[in-house]
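The next block is structure.cif, given as mmCIF, C-alpha atoms and all ligand atoms.
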```cif
data_final
#
loop_
_atom_site.label_atom_id
_atom_site.label_comp_id
_atom_site.auth_asym_id
_atom_site.auth_seq_id
_atom_site.Cartn_x
_atom_site.Cartn_y
_atom_site.Cartn_z
CA MET A 1 -76.04 45.39 -9.39
CA THR A 2 -75.01 49.01 -8.89
CA ALA A 3 -77.62 51.34 -7.43
CA MET A 4 -78.89 54.28 -9.42
CA HIS A 5 -79.05 57.78 -8.08
CA GLU A 6 -82.80 58.33 -8.43
CA ALA A 7 -83.56 62.04 -8.45
CA VAL A 8 -87.12 62.48 -7.24
CA LEU A 9 -86.80 65.06 -4.47
CA LEU A 10 -83.67 66.43 -6.12
CA ARG A 11 -85.02 66.40 -9.68
CA ARG A 12 -84.86 70.19 -9.98
CA ARG A 13 -81.28 70.40 -8.66
CA GLY A 14 -79.25 72.60 -11.00
CA ALA A 15 -79.59 75.70 -13.12
CA LYS A 16 -83.20 76.72 -12.48
CA ALA A 17 -83.20 75.88 -8.77
CA GLY A 18 -85.18 78.45 -6.82
CA ASP A 19 -87.00 79.99 -9.80
CA LEU A 20 -90.72 80.27 -9.02
CA LYS A 21 -91.84 80.44 -12.65
CA SER A 22 -89.99 77.31 -13.60
CA TYR A 23 -91.19 75.59 -10.40
CA ILE A 24 -94.81 76.30 -11.34
CA GLY A 25 -94.08 75.40 -14.97
CA SER A 26 -92.94 71.94 -13.90
CA GLY A 27 -96.06 71.20 -11.85
CA GLY A 28 -95.15 73.09 -8.67
CA LEU A 29 -97.96 74.36 -6.40
CA ALA A 30 -100.48 71.96 -7.99
CA ALA A 31 -100.42 69.94 -4.77
CA LEU A 32 -101.29 72.97 -2.63
CA LYS A 33 -104.19 73.73 -4.98
CA LYS A 34 -105.36 70.13 -4.75
CA ALA A 35 -105.08 70.11 -0.94
CA ARG A 36 -107.32 73.16 -0.77
CA ALA A 37 -109.81 71.51 -3.09
CA ILE A 38 -110.04 68.23 -1.16
CA GLY A 39 -109.80 69.76 2.34
CA PRO A 40 -107.64 69.08 5.42
CA GLU A 41 -109.10 65.69 6.40
CA GLU A 42 -108.58 64.11 2.99
CA THR A 43 -105.11 65.68 2.69
CA VAL A 44 -104.00 64.11 5.96
CA ARG A 45 -105.58 60.79 4.96
CA ILE A 46 -103.52 60.68 1.76
CA LEU A 47 -100.36 61.46 3.71
CA THR A 48 -101.14 58.74 6.28
CA ASP A 49 -101.85 56.18 3.52
CA SER A 50 -98.53 56.99 1.86
CA GLY A 51 -96.63 55.67 4.88
CA LEU A 52 -94.29 58.69 4.94
CA VAL A 53 -92.12 58.64 8.05
CA GLY A 54 -90.12 61.58 9.38
CA ARG A 55 -86.58 61.95 8.03
CA GLY A 56 -85.18 63.88 11.02
CA GLY A 57 -83.96 60.75 12.79
CA ALA A 58 -86.83 59.48 14.93
CA ALA A 59 -88.74 57.90 11.98
CA PHE A 60 -92.19 58.84 13.29
CA PRO A 61 -95.16 58.54 10.85
CA ALA A 62 -95.87 62.04 9.48
CA GLY A 63 -99.61 61.43 8.96
CA ARG A 64 -100.14 60.51 12.63
CA LYS A 65 -98.48 63.73 13.75
CA TRP A 66 -100.57 65.85 11.39
CA GLU A 67 -103.82 64.08 12.35
CA SER A 68 -103.23 64.69 16.09
CA VAL A 69 -102.80 68.41 15.48
CA ARG A 70 -105.59 68.64 12.91
CA THR A 71 -108.06 67.19 15.42
CA ALA A 72 -106.71 69.08 18.47
CA LYS A 73 -109.26 71.06 20.51
CA ASP A 74 -107.04 74.13 20.84
CA PRO A 75 -107.56 76.50 17.88
CA ILE A 76 -104.03 77.89 18.20
CA ARG A 77 -101.63 75.50 16.42
CA TYR A 78 -98.19 75.76 14.90
CA VAL A 79 -96.08 74.07 12.26
CA VAL A 80 -92.30 74.18 12.63
CA LEU A 81 -89.88 73.34 9.84
CA ASN A 82 -86.75 71.94 11.50
CA THR A 83 -83.81 73.21 9.43
CA ASP A 84 -81.28 73.05 12.23
CA GLU A 85 -79.23 70.25 10.61
CA SER A 86 -76.38 70.12 13.11
CA GLU A 87 -75.66 66.38 13.13
CA PRO A 88 -72.00 65.93 12.13
CA GLY A 89 -71.66 64.70 8.56
CA THR A 90 -75.19 65.75 7.62
CA PHE A 91 -75.82 68.26 4.84
CA LYS A 92 -78.75 66.81 2.86
CA ASP A 93 -81.31 69.35 4.15
CA ARG A 94 -79.11 72.21 2.99
CA VAL A 95 -78.74 70.58 -0.44
CA MET A 96 -82.50 69.93 -0.57
CA ILE A 97 -83.31 73.60 0.06
CA GLU A 98 -80.60 74.90 -2.29
CA SER A 99 -81.92 72.55 -4.99
CA ASP A 100 -85.61 73.25 -4.60
CA PRO A 101 -86.68 75.77 -1.93
CA PHE A 102 -90.21 75.93 -3.33
CA MET A 103 -90.82 72.19 -2.98
CA VAL A 104 -89.90 72.39 0.72
CA LEU A 105 -92.03 75.53 1.20
CA GLU A 106 -94.97 73.99 -0.65
CA GLY A 107 -94.75 71.02 1.75
CA LEU A 108 -94.78 73.49 4.64
CA LEU A 109 -97.82 75.37 3.28
CA ILE A 110 -99.72 72.10 2.79
CA ALA A 111 -98.89 71.09 6.39
CA CYS A 112 -100.15 74.46 7.66
CA TYR A 113 -103.34 74.22 5.63
CA ALA A 114 -103.96 70.60 6.68
CA VAL A 115 -103.71 71.29 10.42
CA SER A 116 -105.14 74.85 10.28
CA ALA A 117 -101.94 76.33 11.69
CA THR A 118 -102.11 79.89 12.90
CA ARG A 119 -98.45 80.48 12.17
CA ALA A 120 -95.41 78.64 10.79
CA TYR A 121 -91.82 78.90 11.99
CA ILE A 122 -88.72 77.92 10.07
CA TYR A 123 -85.77 77.30 12.40
CA VAL A 124 -82.55 77.50 10.38
CA ARG A 125 -79.13 76.41 11.62
CA GLY A 126 -77.23 79.55 12.63
CA GLU A 127 -74.31 78.85 10.28
CA TYR A 128 -76.67 78.45 7.27
CA ARG A 129 -76.99 82.17 6.59
CA HIS A 130 -77.42 81.73 2.83
CA VAL A 131 -80.10 79.06 3.37
CA ALA A 132 -82.06 81.46 5.59
CA GLU A 133 -81.71 84.17 2.92
CA LEU A 134 -82.81 81.83 0.13
CA LEU A 135 -85.85 80.74 2.15
CA ALA A 136 -86.73 84.38 2.94
CA LYS A 137 -86.45 85.38 -0.73
CA SER A 138 -88.52 82.39 -1.88
CA LEU A 139 -91.18 83.07 0.77
CA ARG A 140 -91.40 86.70 -0.31
CA GLU A 141 -91.97 85.62 -3.91
CA LEU A 142 -94.71 83.21 -2.84
CA GLN A 143 -96.34 85.87 -0.71
CA GLN A 144 -96.19 88.55 -3.44
CA ALA A 145 -97.77 86.14 -5.90
CA GLY A 146 -100.61 85.53 -3.39
CA HIS A 147 -99.80 81.90 -2.57
CA LEU A 148 -99.94 82.40 1.22
CA GLU A 149 -103.51 83.76 0.98
CA ALA A 150 -106.19 81.55 2.53
CA VAL A 151 -103.64 78.97 3.73
CA GLY A 152 -104.18 79.97 7.37
CA PRO A 153 -107.30 79.11 9.40
CA ASN A 154 -110.70 80.48 8.32
CA GLY A 155 -109.33 81.79 5.03
CA ALA A 156 -106.63 83.98 6.61
CA ALA A 157 -103.24 84.51 4.98
CA LEU A 158 -100.51 82.39 6.54
CA GLU A 159 -97.80 84.07 8.60
CA VAL A 160 -94.37 82.49 8.39
CA GLU A 161 -91.39 83.49 10.52
CA ILE A 162 -87.81 82.51 9.89
CA ARG A 163 -85.59 82.14 12.98
CA ARG A 164 -81.83 81.68 12.94
CA GLY A 165 -80.52 78.98 15.30
CA GLY A 166 -78.15 79.76 18.16
CA GLY A 167 -75.39 77.43 16.93
CA ALA A 168 -76.03 74.58 19.34
CA TYR A 169 -76.53 70.95 18.29
CA ILE A 170 -79.18 70.49 20.97
CA CYS A 171 -81.39 73.16 19.35
CA GLY A 172 -82.29 70.60 16.64
CA GLU A 173 -84.04 68.50 19.29
CA GLU A 174 -87.68 69.49 18.93
CA THR A 175 -88.45 70.64 22.48
CA ALA A 176 -85.13 72.54 22.80
CA LEU A 177 -85.94 74.13 19.44
CA PHE A 178 -89.30 75.32 20.81
CA ARG A 179 -87.57 76.83 23.84
CA SER A 180 -85.11 78.59 21.55
CA ILE A 181 -87.92 80.10 19.43
CA GLU A 182 -89.69 81.18 22.63
CA GLY A 183 -86.57 83.13 23.64
CA TYR A 184 -85.19 80.80 26.31
CA ARG A 185 -82.02 78.71 26.43
CA GLY A 186 -82.31 75.71 24.11
CA GLU A 187 -82.85 73.02 26.74
CA PRO A 188 -85.00 69.94 26.07
CA MET A 189 -88.14 69.25 28.05
CA ALA A 190 -89.19 65.80 29.24
CA LYS A 191 -91.76 64.05 27.03
CA PRO A 192 -94.71 63.45 27.35
CA PRO A 193 -96.45 65.76 26.70
CA PHE A 194 -95.48 65.39 23.05
CA PRO A 195 -95.35 68.40 20.71
CA THR A 196 -98.65 67.44 19.05
CA VAL A 197 -100.32 68.04 22.42
CA ALA A 198 -98.16 70.79 23.99
CA GLY A 199 -95.40 71.97 21.68
CA LEU A 200 -94.33 75.50 20.77
CA PHE A 201 -95.77 77.95 23.33
CA ARG A 202 -97.41 74.77 24.81
CA LYS A 203 -99.76 74.63 21.82
CA PRO A 204 -100.38 71.64 19.51
CA THR A 205 -97.46 71.65 17.06
CA VAL A 206 -96.32 69.71 14.02
CA VAL A 207 -92.53 69.74 13.79
CA ASN A 208 -91.06 68.16 10.68
CA ASN A 209 -87.68 67.81 9.04
CA VAL A 210 -86.91 69.48 5.68
CA GLU A 211 -86.75 66.20 3.75
CA THR A 212 -90.03 65.04 5.30
CA LEU A 213 -91.90 68.12 4.05
CA ALA A 214 -90.15 67.98 0.66
CA ASN A 215 -91.88 64.62 0.12
CA VAL A 216 -95.36 66.05 0.71
CA PRO A 217 -96.16 67.87 -2.61
CA ASP A 218 -95.70 64.73 -4.76
CA ILE A 219 -97.70 62.60 -2.33
CA ILE A 220 -100.64 65.01 -2.39
CA ALA A 221 -100.43 65.71 -6.14
CA PHE A 222 -100.05 62.08 -7.28
CA GLY A 223 -101.56 60.12 -4.36
CA ALA A 224 -100.20 57.78 -1.71
CA LYS A 225 -99.06 55.32 -4.39
CA ALA A 226 -96.54 57.87 -5.66
CA LEU A 227 -94.38 57.29 -2.60
CA ARG A 228 -95.10 53.57 -2.42
CA SER A 229 -93.93 53.02 -6.03
CA ARG A 230 -90.35 53.19 -4.72
CA GLY A 231 -88.54 51.71 -1.75
CA THR A 232 -89.78 48.80 0.34
CA GLU A 233 -93.17 48.00 1.86
CA ARG A 234 -92.16 49.26 5.31
CA SER A 235 -89.91 52.08 4.05
CA PRO A 236 -91.64 53.64 1.05
CA GLY A 237 -89.98 56.26 -1.13
CA THR A 238 -86.47 57.51 -1.64
CA LYS A 239 -83.94 58.69 0.93
CA LEU A 240 -81.32 61.42 0.83
CA PHE A 241 -77.90 60.43 2.17
CA SER A 242 -75.02 62.79 2.96
CA VAL A 243 -71.97 60.71 1.99
CA SER A 244 -68.57 62.02 3.06
CA GLY A 245 -65.10 60.95 4.22
CA SER A 246 -62.94 58.46 2.31
CA VAL A 247 -64.96 58.39 -0.90
CA ASP A 248 -64.03 59.99 -4.24
CA ARG A 249 -67.29 61.92 -4.71
CA PRO A 250 -68.68 63.13 -1.39
CA ASP A 251 -72.16 64.52 -2.03
CA THR A 252 -75.86 64.16 -1.28
CA TYR A 253 -77.28 61.06 -2.99
CA GLU A 254 -80.93 60.14 -3.39
CA VAL A 255 -81.64 56.43 -3.63
CA PRO A 256 -84.73 54.27 -3.11
CA PHE A 257 -85.05 52.72 0.34
CA GLY A 258 -83.73 49.17 0.17
CA THR A 259 -80.58 50.12 -1.75
CA ARG A 260 -77.52 48.29 -0.40
CA LEU A 261 -75.00 50.33 1.58
CA SER A 262 -72.21 48.96 -0.66
CA ASP A 263 -74.05 50.30 -3.74
CA LEU A 264 -74.44 53.74 -2.17
CA LEU A 265 -70.71 53.78 -1.39
CA GLU A 266 -69.94 52.73 -4.95
CA LEU A 267 -72.13 55.55 -6.24
CA ALA A 268 -69.95 57.92 -4.21
CA GLY A 269 -66.82 56.44 -5.79
CA GLY A 270 -65.62 54.71 -2.63
CA GLY A 271 -66.15 51.30 -1.11
CA LYS A 272 -62.77 49.84 -2.10
CA ASP A 273 -60.44 49.86 0.87
CA LEU A 274 -62.77 51.05 3.57
CA GLN A 275 -62.33 50.08 7.18
CA ALA A 276 -65.79 51.22 8.32
CA VAL A 277 -68.55 53.78 7.89
CA LEU A 278 -70.26 55.78 10.60
CA MET A 279 -73.99 55.52 9.88
CA GLY A 280 -76.32 58.25 11.12
CA GLY A 281 -73.70 60.76 12.25
CA ALA A 282 -72.23 61.19 15.73
CA ALA A 283 -75.36 59.66 17.25
CA GLY A 284 -75.05 56.59 14.99
CA THR A 285 -72.95 53.44 14.91
CA PHE A 286 -69.86 52.17 13.11
CA VAL A 287 -70.62 49.59 10.43
CA PHE A 288 -67.87 47.30 9.09
CA PRO A 289 -67.41 45.70 5.64
CA LYS A 290 -69.04 42.41 6.71
CA ASP A 291 -72.31 44.42 6.95
CA PHE A 292 -71.89 46.61 3.85
CA ASP A 293 -74.55 44.49 2.12
CA LEU A 294 -77.18 45.85 4.51
CA SER A 295 -80.40 47.24 3.08
CA LEU A 296 -80.79 50.99 3.60
CA SER A 297 -84.33 50.80 4.93
CA TYR A 298 -85.72 51.19 8.44
CA GLU A 299 -86.18 47.41 8.74
CA GLY A 300 -82.80 46.68 7.12
CA VAL A 301 -80.77 48.79 9.54
CA ALA A 302 -82.72 47.50 12.55
CA GLU A 303 -81.77 43.94 11.51
CA ARG A 304 -78.07 44.88 11.70
CA HIS A 305 -78.44 46.92 14.92
CA THR A 306 -77.62 50.23 13.29
CA THR A 307 -79.60 53.30 12.26
CA LEU A 308 -80.28 55.60 9.32
CA GLY A 309 -80.40 58.49 11.80
CA SER A 310 -80.01 61.77 9.99
CA GLY A 311 -78.87 60.08 6.75
CA ALA A 312 -75.15 60.72 7.33
CA VAL A 313 -72.73 58.12 5.95
CA ILE A 314 -69.11 58.92 6.84
CA ALA A 315 -66.52 56.57 5.32
CA PHE A 316 -63.13 55.77 6.92
CA ASP A 317 -60.20 54.07 5.19
CA ARG A 318 -57.88 51.54 6.81
CA GLU A 319 -55.31 54.19 7.76
CA THR A 320 -57.76 55.84 10.15
CA ASN A 321 -57.47 55.17 13.86
CA LEU A 322 -61.11 54.80 14.84
CA TRP A 323 -60.35 55.44 18.52
CA GLN A 324 -59.19 58.91 17.46
CA VAL A 325 -62.48 59.35 15.61
CA ALA A 326 -64.33 58.22 18.75
CA GLU A 327 -62.35 60.76 20.78
CA ARG A 328 -63.57 63.56 18.46
CA LEU A 329 -67.15 62.31 18.81
CA GLY A 330 -66.71 62.20 22.59
CA ARG A 331 -65.41 65.76 22.61
CA PHE A 332 -68.39 66.85 20.48
CA PHE A 333 -70.95 65.36 22.88
CA ALA A 334 -69.22 66.72 26.00
CA HIS A 335 -69.23 70.18 24.38
CA GLU A 336 -72.83 70.00 23.13
CA SER A 337 -74.50 68.51 26.23
CA CYS A 338 -76.86 71.20 27.54
CA GLY A 339 -75.90 70.21 31.10
CA GLN A 340 -79.45 69.88 32.36
CA CYS A 341 -79.27 66.25 33.53
CA VAL A 342 -76.45 64.50 35.38
CA PRO A 343 -76.06 61.26 33.37
CA CYS A 344 -75.36 63.29 30.24
CA ARG A 345 -73.57 66.30 31.74
CA VAL A 346 -71.11 64.21 33.75
CA GLY A 347 -71.26 61.08 31.59
CA THR A 348 -70.22 62.78 28.34
CA ARG A 349 -67.22 64.33 30.14
CA ARG A 350 -66.06 61.08 31.72
CA GLN A 351 -66.62 59.33 28.39
CA HIS A 352 -64.47 61.88 26.61
CA GLU A 353 -61.64 61.56 29.16
CA MET A 354 -61.52 57.80 28.71
CA LEU A 355 -61.70 58.04 24.91
CA GLN A 356 -58.84 60.54 25.01
CA ALA A 357 -56.75 58.08 27.03
CA LEU A 358 -57.51 55.26 24.57
CA ALA A 359 -56.82 57.43 21.50
CA GLU A 360 -53.47 58.55 22.95
CA GLY A 361 -52.58 55.03 24.10
CA HIS A 362 -52.08 55.78 27.80
CA GLY A 363 -55.20 54.25 29.35
CA ARG A 364 -55.25 52.64 32.82
CA GLY A 365 -56.57 49.41 31.36
CA ASP A 366 -60.09 49.52 32.77
CA GLU A 367 -61.52 52.06 30.27
CA ARG A 368 -63.31 49.54 28.08
CA GLY A 369 -65.36 48.07 30.93
CA LEU A 370 -66.13 51.51 32.37
CA LEU A 371 -67.17 52.86 28.95
CA THR A 372 -69.60 49.96 28.54
CA ARG A 373 -71.18 50.57 31.95
CA LEU A 374 -71.29 54.33 31.44
CA SER A 375 -72.98 53.92 28.05
CA GLN A 376 -75.73 51.89 29.73
CA VAL A 377 -76.35 54.63 32.32
CA MET A 378 -76.36 57.48 29.75
CA THR A 379 -78.71 55.57 27.45
CA ASP A 380 -81.13 54.63 30.22
CA ALA A 381 -81.13 57.77 32.37
CA SER A 382 -80.64 60.82 30.11
CA ILE A 383 -83.61 63.10 29.49
CA CYS A 384 -83.25 63.48 25.73
CA GLY A 385 -81.87 61.88 22.60
CA LEU A 386 -78.49 63.58 22.89
CA GLY A 387 -77.52 61.80 26.11
CA GLN A 388 -79.33 58.63 25.06
CA THR A 389 -77.23 58.31 21.89
CA ALA A 390 -73.92 59.87 23.00
CA ALA A 391 -72.40 56.42 23.53
CA THR A 392 -73.85 54.39 20.66
CA ALA A 393 -70.86 54.87 18.34
CA VAL A 394 -68.45 54.03 21.18
CA ARG A 395 -70.40 50.89 22.04
CA SER A 396 -70.29 49.73 18.42
CA LEU A 397 -66.54 50.37 18.33
CA LEU A 398 -65.97 48.33 21.50
CA GLU A 399 -67.91 45.43 19.97
CA ALA A 400 -65.96 45.71 16.70
CA GLU A 401 -62.65 45.70 18.58
CA SER A 402 -63.64 42.55 20.48
CA ALA A 403 -64.53 40.93 17.15
CA GLY A 404 -61.10 41.89 15.72
CA LEU A 405 -62.51 44.21 13.04
CA LEU A 406 -60.29 47.28 13.62
CA ALA A 407 -57.44 47.83 11.16
CA ASN A 408 -55.10 49.43 13.71
C1 LIG B 501 -79.81 66.08 19.81
C2 LIG B 501 -80.82 66.06 18.71
C3 LIG B 501 -80.64 66.84 17.58
C4 LIG B 501 -81.59 66.83 16.55
N1 LIG B 501 -81.36 67.60 15.45
C5 LIG B 501 -82.27 67.58 14.44
C6 LIG B 501 -82.06 68.39 13.28
O1 LIG B 501 -81.05 69.10 13.16
N2 LIG B 501 -83.00 68.34 12.29
C7 LIG B 501 -84.13 67.56 12.40
O2 LIG B 501 -84.96 67.56 11.50
N3 LIG B 501 -84.35 66.79 13.48
C8 LIG B 501 -83.45 66.79 14.50
N4 LIG B 501 -83.69 66.04 15.62
C9 LIG B 501 -84.97 65.29 15.69
C10 LIG B 501 -86.11 66.21 16.17
O3 LIG B 501 -86.17 66.19 17.58
C11 LIG B 501 -87.49 65.74 15.61
O4 LIG B 501 -87.66 64.37 15.88
C12 LIG B 501 -87.66 65.99 14.13
O5 LIG B 501 -87.42 67.34 13.78
C13 LIG B 501 -89.08 65.64 13.72
O6 LIG B 501 -89.23 65.74 12.33
P1 LIG B 501 -89.61 64.46 11.44
O7 LIG B 501 -90.75 63.76 12.14
O8 LIG B 501 -89.99 65.01 10.14
O9 LIG B 501 -88.39 63.59 11.41
C14 LIG B 501 -82.74 66.01 16.66
C15 LIG B 501 -82.93 65.22 17.80
C16 LIG B 501 -81.98 65.23 18.80
C17 LIG B 501 -82.21 64.34 20.00
S1 LIG B 502 -79.52 64.38 27.84
FE1 LIG B 502 -77.90 65.94 27.74
S2 LIG B 502 -78.60 67.37 26.19
FE2 LIG B 502 -80.39 66.15 26.81
S3 LIG B 502 -81.35 67.30 28.49
FE3 LIG B 502 -79.88 65.92 29.45
S4 LIG B 502 -77.99 67.15 29.63
FE4 LIG B 502 -79.29 68.18 28.16
#
```
Would you put the structure from the file into structure tokens?
Amino acid sequence: MTAMHEAVLLRRRGAKAGDLKSYIGSGGLAALKKARAIGPEETVRILTDSGLVGRGGAAFPAGRKWESVRTAKDPIRYVVLNTDESEPGTFKDRVMIESDPFMVLEGLLIACYAVSATRAYIYVRGEYRHVAELLAKSLRELQQAGHLEAVGPNGAALEVEIRRGGGAYICGEETALFRSIEGYRGEPMAKPPFPTVAGLFRKPTVVNNVETLANVPDIIAFGAKALRSRGTERSPGTKLFSVSGSVDRPDTYEVPFGTRLSDLLELAGGGKDLQAVLMGGAAGTFVFPKDFDLSLSYEGVAERHTTLGSGAVIAFDRETNLWQVAERLGRFFAHESCGQCVPCRVGTRRQHEMLQALAEGHGRGDERGLLTRLSQVMTDASICGLGQTAATAVRSLLEAESAGLLAN
């Protein structure tokens, strides 16, 4: 059976996108009103019951994050909307905001109200100038219409700041993002403490992805069951996927969790003569046709040792030399490593050199063994997710080569 594109988050994509009147006319801002009527505790309870997990890659339960900050002792708290979206092949957050900026902002306002945030920050990828402008315009409209009033603590109006990113992949990592907002170099900090305890300016902080917060208004307006009516028991709701590469219709697709990867590819007009897809972006893994029947859910990808990551699905046909793709990924990680810890700073460079040799066909012969050992060290000893995942795609390619799955 072919999957259906199920527009829930993207239902307002099109002509009237970004129009406040039409947003309110189609039920927008009812969830914020309801949240204020039922109070922060009940709002967070509904979110927790819905089973919403973060869509930024780490798949952490959103309700648990909010509850930690809501009940924090420190009265100064922050909410950060992570709009950095720098994972290669990922563009769903941009499409989400372009399609419905008010739904994302309503999710942000509900988060701020629920945890009594003193201020919100929106950190927008540096290259997304028009996204930052659209968010600023939409925020202004909300403010002028009085919708930021009494969203802050003790009935105060909420202050929201938009910050443009510095153009580094690492600035999407939550602790590096905090450093960047604080005016320092975007370098990750070791965890714990986690952001809910000591985040931005070392204060309790909720940091959420765009797609995560876009889910919030429907959950609060219609109850936890609204999310659970789609998807699977352990992965409720729909998921946005950025599908690109060797498919006829590259685009952002919204499908219920549990949809088969082959059906998603078919939706994008591809899936015929594909050699592999890269799931989850540069930090993800290669998946080959024998696994195209996998279920796109958190449990489904874990079963096949892959990841949903940022929701990127990059398709490659049989003409593609996947070692050349791996070389590009290696170059990306070597360039984007912040250089703070040795396993990643040196490891990504050595990895790239060996991938270059393999892609150009002049290796010494021991690269495959060295790459495997190096991947273990980077995964185990790097401080943050960048170094820990810089070798996952390479490792999956080595396994596929041993199994005879590469086309050339
Ligand atoms: C190298 C790196 C880059 C990241 N980039 C992003 C990003 O661009 N957007 C994002 O939402 N999360 C990104 N993350 C994940 C964030 O650290 C964090 O887990 C996320 O913003 C939390 O939001 P969520 O709970 O709603 O998923 C990145 C993580 C790493 C390690
Ligand atoms: S793993 Fe890489 S990106 Fe992360 S802190 Fe270490 S050097 Fe920086």
*asked:* as a list in words, please: the residues near stretch 134-136 of chain A (cut-off 8 Å, only C-alpha atoms, same-chain neighbours under 3 positions excluded).
replied: Ile97, Glu98, Pro101, His130, Val131, Leu139, Arg140 and Ile162 of chain A
*Kindly compile the residues surrounding ligand LIG 502 (chain B) within 7 Å, counting only C-alpha atoms and all ligand atoms, and format them as a list in words.*
Ile170, Glu187, Pro188, Ser337, Cys338, Gly339, Gln340, Cys341, Val342, Cys344, Arg345, Ser382, Ile383, Cys384, Gly385, Leu386, Gly387 and Gln388 of chain A
How close does chain A get to ligand LIG 501 (chain B)? List, as a tab-separated table, each residue of chain A within 9 Å, its nearest atom pair and the distance in Å to one decimal, counting all atoms listed in the file.
```
residue	atom	partner	partner_atom	distance
A:Val53	CA	B:LIG501	O7	6.7
A:Gly54	CA	B:LIG501	O9	3.3
A:Arg55	CA	B:LIG501	O9	4.2
A:Gly56	CA	B:LIG501	O9	3.2
A:Gly57	CA	B:LIG501	O9	5.4
A:Ala58	CA	B:LIG501	O4	5.1
A:Ala59	CA	B:LIG501	O9	5.7
A:Phe60	CA	B:LIG501	O7	5.3
A:Pro61	CA	B:LIG501	O7	7.0
A:Ala62	CA	B:LIG501	O7	6.0
A:Lys65	CA	B:LIG501	O7	7.9
A:Val80	CA	B:LIG501	O5	8.5
A:Leu81	CA	B:LIG501	O5	7.6
A:Asn82	CA	B:LIG501	O2	4.7
A:Thr83	CA	B:LIG501	N2	5.7
A:Asp84	CA	B:LIG501	O1	4.1
A:Glu85	CA	B:LIG501	O1	3.3
A:Ser86	CA	B:LIG501	O1	4.8
A:Glu87	CA	B:LIG501	O1	6.0
A:Thr90	CA	B:LIG501	O1	8.7
A:Asp93	CA	B:LIG501	N2	8.4
A:Val124	CA	B:LIG501	O1	9.0
A:Arg125	CA	B:LIG501	O1	7.7
A:Tyr169	CA	B:LIG501	C3	5.9
A:Ile170	CA	B:LIG501	C1	4.6
A:Cys171	CA	B:LIG501	C3	6.6
A:Gly172	CA	B:LIG501	N1	3.4
A:Glu173	CA	B:LIG501	O3	3.6
A:Glu174	CA	B:LIG501	O3	3.9
A:Thr175	CA	B:LIG501	O3	7.0
A:Ala176	CA	B:LIG501	O3	8.3
A:Leu177	CA	B:LIG501	O3	8.2
A:Pro188	CA	B:LIG501	C17	8.7
A:Val206	CA	B:LIG501	O6	8.3
A:Val207	CA	B:LIG501	C13	5.4
A:Asn208	CA	B:LIG501	O8	3.4
A:Asn209	CA	B:LIG501	O2	3.7
A:Val210	CA	B:LIG501	O2	6.4
A:Glu211	CA	B:LIG501	O8	7.3
A:Thr212	CA	B:LIG501	O8	4.8
A:Leu213	CA	B:LIG501	O8	7.1
A:Ala283	CA	B:LIG501	C1	8.2
A:Ser310	CA	B:LIG501	N3	7.5
A:Glu336	CA	B:LIG501	C1	8.7
A:Ser337	CA	B:LIG501	C1	8.7
A:Cys384	CA	B:LIG501	C17	5.9
A:Gly385	CA	B:LIG501	C17	3.6
A:Leu386	CA	B:LIG501	C1	4.2
A:Gly387	CA	B:LIG501	C1	8.0
A:Gln388	CA	B:LIG501	C17	8.2
A:Thr389	CA	B:LIG501	C17	8.0
```
*Around (-64.4, 57.2, 7.5) in the file's own coordinates, what residues are found within 7 Å if you use all atoms listed in the file, given back as a ChimeraX atom specification?*
/A:245-246,276-278,314-317
*asked:* For a quick check of understanding, using only C-alpha atoms, which of A:Glu327, A:Glu399, A:Asp263, A:Asp251 has the smallest distance to A:Phe288?
replied: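 Answer, going by the shortest atom-to-atom distance: A:Glu399.
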Can you tell me, as JSON, the centre and edge lengths (Å, one decimal) of the axis-aligned box enclosing all of stretch 335-338 of chain A's listed atoms after padding each side by 5 Å?
```
{"center_x": -73.0, "center_y": 69.9, "center_z": 25.3, "size_x": 17.6, "size_y": 12.7, "size_z": 14.4}
```
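Nearest residue to A:Glu149 among A:Leu32, A:Ala221, A:Leu264, A:Val255 is A:Leu32, counting all atoms listed in the file.
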*asked:* Report, in Å with one decimal, the straight-line distance from atom CA of A:Gly269 to atom CA of A:Thr306.
replied: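 Calculated distance between atom CA of A:Gly269 and atom CA of A:Thr306 is 22.8 Å.
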*Choose the residue, out of A:Val216, A:Leu20, A:Leu294, A:Leu240, that has the smallest atom-to-atom separation from A:Thr259; count all atoms listed in the file.*
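Closest residue, counting all atoms listed in the file: A:Leu294.
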Using the partial input, fill out stretch 79-83 of chain A with N, CA and C atoms; write the result as a compact mmCIF listing (two decimals), in the coordinates of the input.
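Ended up saving to result.txt:
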```
# COMPACT_ATOMS: atom_id res chain seq x y z
N VAL A 79 -96.91 75.02 13.00
CA VAL A 79 -96.08 74.07 12.26
C VAL A 79 -94.65 74.62 12.27
N VAL A 80 -93.71 73.76 12.59
CA VAL A 80 -92.30 74.18 12.63
C VAL A 80 -91.50 73.34 11.64
N LEU A 81 -90.77 74.02 10.78
CA LEU A 81 -89.88 73.34 9.84
C LEU A 81 -88.49 73.31 10.48
N ASN A 82 -88.03 72.10 10.81
CA ASN A 82 -86.75 71.94 11.50
C ASN A 82 -85.61 71.93 10.48
N THR A 83 -84.93 73.06 10.37
CA THR A 83 -83.81 73.21 9.43
C THR A 83 -82.53 73.43 10.22
```
